[in-house]
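Asks: Can you keep this structure in mind? I'll have questions shortly.
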Amino acid sequence: MKTMSKEVIRKLYCFVCVCLYALAAIGGVAYLFYDMHGIFAIAAIATTAMATPYLIDRIKELMR
């Protein structure tokens, strides 16, 4: 039985991180503004801004 290599698992992890970041940044913030929770939307924007350096590292690793 073949197993997935660590490199494949790592790239899959990076891809999932990028997808979840996009869902949280776009969908979460948009829904909070739509639902008239502006202060929480601003907090979500700040949280995604803090996570951006980690996301950039994951994208670079995914492109290798």
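Numbering starts fresh at 1 for the residues of each chain in the structure tokens, the chains themselves are lettered A, B, ... in the order given, and ligands are numbered from 1 as they appear.
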Please provide as a PyMOL selection string all residues within 10 Å of range 41-58 of chain A, with the sequence filter that same-chain residues fewer than 3 positions apart are discarded (counting only C-alpha atoms).

Replies: chain A and resi 10-11+13-18+21-22+24-26+28-38+61-63

Asks: Just asking: which residues within range 4-64 of chain A are alpha helix (DSSP H) according to DSSP, as a CSV table (one decimal) with N, CA and C atoms, in the first residue's frame?

Replies:
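So result_2.csv came out as:
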chain,number,residue,atom,x,y,z
A,6,LYS,N,5.3,13.2,2.6
A,6,LYS,CA,5.2,14.4,3.5
A,6,LYS,C,5.0,15.6,2.6
A,7,GLU,N,5.7,15.6,1.5
A,7,GLU,CA,5.6,16.8,0.6
A,7,GLU,C,4.2,17.0,0.1
A,8,VAL,N,3.5,15.9,-0.3
A,8,VAL,CA,2.2,16.0,-0.8
A,8,VAL,C,1.2,16.5,0.3
A,9,ILE,N,1.4,15.9,1.5
A,9,ILE,CA,0.6,16.3,2.6
A,9,ILE,C,0.8,17.8,2.9
A,10,ARG,N,2.0,18.2,2.9
A,10,ARG,CA,2.3,19.6,3.2
A,10,ARG,C,1.7,20.6,2.2
A,11,LYS,N,1.7,20.2,0.9
A,11,LYS,CA,1.1,21.0,-0.1
A,11,LYS,C,-0.4,21.0,0.0
A,12,LEU,N,-1.0,19.9,0.4
A,12,LEU,CA,-2.4,19.8,0.6
A,12,LEU,C,-2.8,20.8,1.8
A,13,TYR,N,-2.0,20.7,2.8
A,13,TYR,CA,-2.2,21.6,4.0
A,13,TYR,C,-2.2,23.1,3.5
A,14,CYS,N,-1.2,23.4,2.7
A,14,CYS,CA,-1.0,24.8,2.3
A,14,CYS,C,-2.2,25.2,1.4
A,15,PHE,N,-2.7,24.3,0.6
A,15,PHE,CA,-3.9,24.6,-0.3
A,15,PHE,C,-5.1,24.8,0.6
A,16,VAL,N,-5.3,24.0,1.6
A,16,VAL,CA,-6.5,24.1,2.5
A,16,VAL,C,-6.4,25.4,3.3
A,17,CYS,N,-5.2,25.8,3.7
A,17,CYS,CA,-5.0,27.1,4.4
A,17,CYS,C,-5.4,28.3,3.5
A,18,VAL,N,-5.0,28.3,2.3
A,18,VAL,CA,-5.4,29.3,1.3
A,18,VAL,C,-6.9,29.4,1.1
A,19,CYS,N,-7.5,28.2,0.9
A,19,CYS,CA,-8.9,28.2,0.7
A,19,CYS,C,-9.7,28.7,1.9
A,20,LEU,N,-9.3,28.3,3.1
A,20,LEU,CA,-10.0,28.7,4.3
A,20,LEU,C,-9.8,30.2,4.6
A,21,TYR,N,-8.6,30.7,4.3
A,21,TYR,CA,-8.4,32.1,4.4
A,21,TYR,C,-9.3,32.9,3.5
A,22,ALA,N,-9.4,32.5,2.3
A,22,ALA,CA,-10.3,33.2,1.3
A,22,ALA,C,-11.8,33.1,1.8
A,29,VAL,N,-16.5,38.3,6.4
A,29,VAL,CA,-16.5,39.8,6.5
A,29,VAL,C,-17.8,40.3,5.8
A,30,ALA,N,-18.1,39.8,4.6
A,30,ALA,CA,-19.2,40.2,3.9
A,30,ALA,C,-20.5,39.9,4.6
A,31,TYR,N,-20.6,38.7,5.2
A,31,TYR,CA,-21.8,38.4,6.0
A,31,TYR,C,-22.0,39.2,7.2
A,32,LEU,N,-20.9,39.5,7.9
A,32,LEU,CA,-21.0,40.4,9.1
A,32,LEU,C,-21.5,41.8,8.7
A,33,PHE,N,-21.0,42.3,7.6
A,33,PHE,CA,-21.5,43.7,7.1
A,33,PHE,C,-22.9,43.6,6.7
A,34,TYR,N,-23.3,42.5,6.0
A,34,TYR,CA,-24.7,42.3,5.6
A,34,TYR,C,-25.6,42.2,6.8
A,38,GLY,N,-21.1,45.7,12.1
A,38,GLY,CA,-19.9,46.4,11.5
A,38,GLY,C,-18.7,46.3,12.4
A,39,ILE,N,-18.8,46.4,13.7
A,39,ILE,CA,-17.6,46.3,14.6
A,39,ILE,C,-17.0,44.9,14.5
A,40,PHE,N,-17.8,43.9,14.4
A,40,PHE,CA,-17.3,42.5,14.3
A,40,PHE,C,-16.6,42.3,12.9
A,41,ALA,N,-17.2,42.9,11.9
A,41,ALA,CA,-16.6,42.9,10.6
A,41,ALA,C,-15.2,43.5,10.6
A,42,ILE,N,-15.1,44.6,11.2
A,42,ILE,CA,-13.8,45.3,11.3
A,42,ILE,C,-12.8,44.4,12.1
A,43,ALA,N,-13.3,43.8,13.1
A,43,ALA,CA,-12.4,42.9,13.9
A,43,ALA,C,-12.0,41.7,13.0
A,44,ALA,N,-12.9,41.2,12.1
A,44,ALA,CA,-12.6,40.1,11.2
A,44,ALA,C,-11.6,40.6,10.2
A,45,ILE,N,-11.7,41.8,9.7
A,45,ILE,CA,-10.7,42.3,8.8
A,45,ILE,C,-9.3,42.4,9.4
A,46,ALA,N,-9.3,42.9,10.7
A,46,ALA,CA,-8.0,42.9,11.4
A,46,ALA,C,-7.4,41.6,11.6
A,47,THR,N,-8.2,40.6,11.9
A,47,THR,CA,-7.8,39.2,12.1
A,47,THR,C,-7.2,38.7,10.8
A,48,THR,N,-7.9,38.9,9.7
A,48,THR,CA,-7.3,38.4,8.4
A,48,THR,C,-6.1,39.1,8.0
A,49,ALA,N,-6.0,40.4,8.4
A,49,ALA,CA,-4.8,41.1,8.1
A,49,ALA,C,-3.6,40.6,8.9
A,50,MET,N,-3.8,40.2,10.1
A,50,MET,CA,-2.8,39.6,10.9
A,50,MET,C,-2.4,38.2,10.4
A,51,ALA,N,-3.3,37.5,9.8
A,51,ALA,CA,-3.0,36.2,9.2
A,51,ALA,C,-2.3,36.2,7.8
A,52,THR,N,-2.3,37.4,7.2
A,52,THR,CA,-1.8,37.5,5.9
A,52,THR,C,-0.3,37.1,5.7
A,53,PRO,N,0.6,37.4,6.6
A,53,PRO,CA,2.0,37.0,6.5
A,53,PRO,C,2.1,35.4,6.5
A,54,TYR,N,1.3,34.8,7.3
A,54,TYR,CA,1.3,33.3,7.3
A,54,TYR,C,0.8,32.8,6.0
A,55,LEU,N,-0.3,33.4,5.4
A,55,LEU,CA,-0.8,33.0,4.2
A,55,LEU,C,0.2,33.2,3.0
A,56,ILE,N,1.0,34.3,3.1
A,56,ILE,CA,2.0,34.5,2.0
A,56,ILE,C,3.0,33.4,2.1
A,57,ASP,N,3.4,33.0,3.3
A,57,ASP,CA,4.4,31.9,3.4
A,57,ASP,C,3.8,30.6,2.9
A,58,ARG,N,2.5,30.3,3.1
A,58,ARG,CA,1.9,29.1,2.6
A,58,ARG,C,1.8,29.1,1.1
A,59,ILE,N,1.5,30.3,0.5
A,59,ILE,CA,1.5,30.4,-1.0
A,59,ILE,C,2.8,30.2,-1.6
A,60,LYS,N,3.9,30.7,-1.0
A,60,LYS,CA,5.2,30.5,-1.5
A,60,LYS,C,5.6,29.0,-1.4
A,61,GLU,N,5.2,28.4,-0.3
A,61,GLU,CA,5.5,27.0,-0.2
A,61,GLU,C,4.7,26.1,-1.2
A,62,LEU,N,3.5,26.5,-1.4
A,62,LEU,CA,2.7,25.8,-2.4
A,62,LEU,C,3.3,26.0,-3.8
A,63,MET,N,3.9,27.1,-4.1
A,63,MET,CA,4.4,27.3,-5.5
A,63,MET,C,5.8,26.6,-5.7
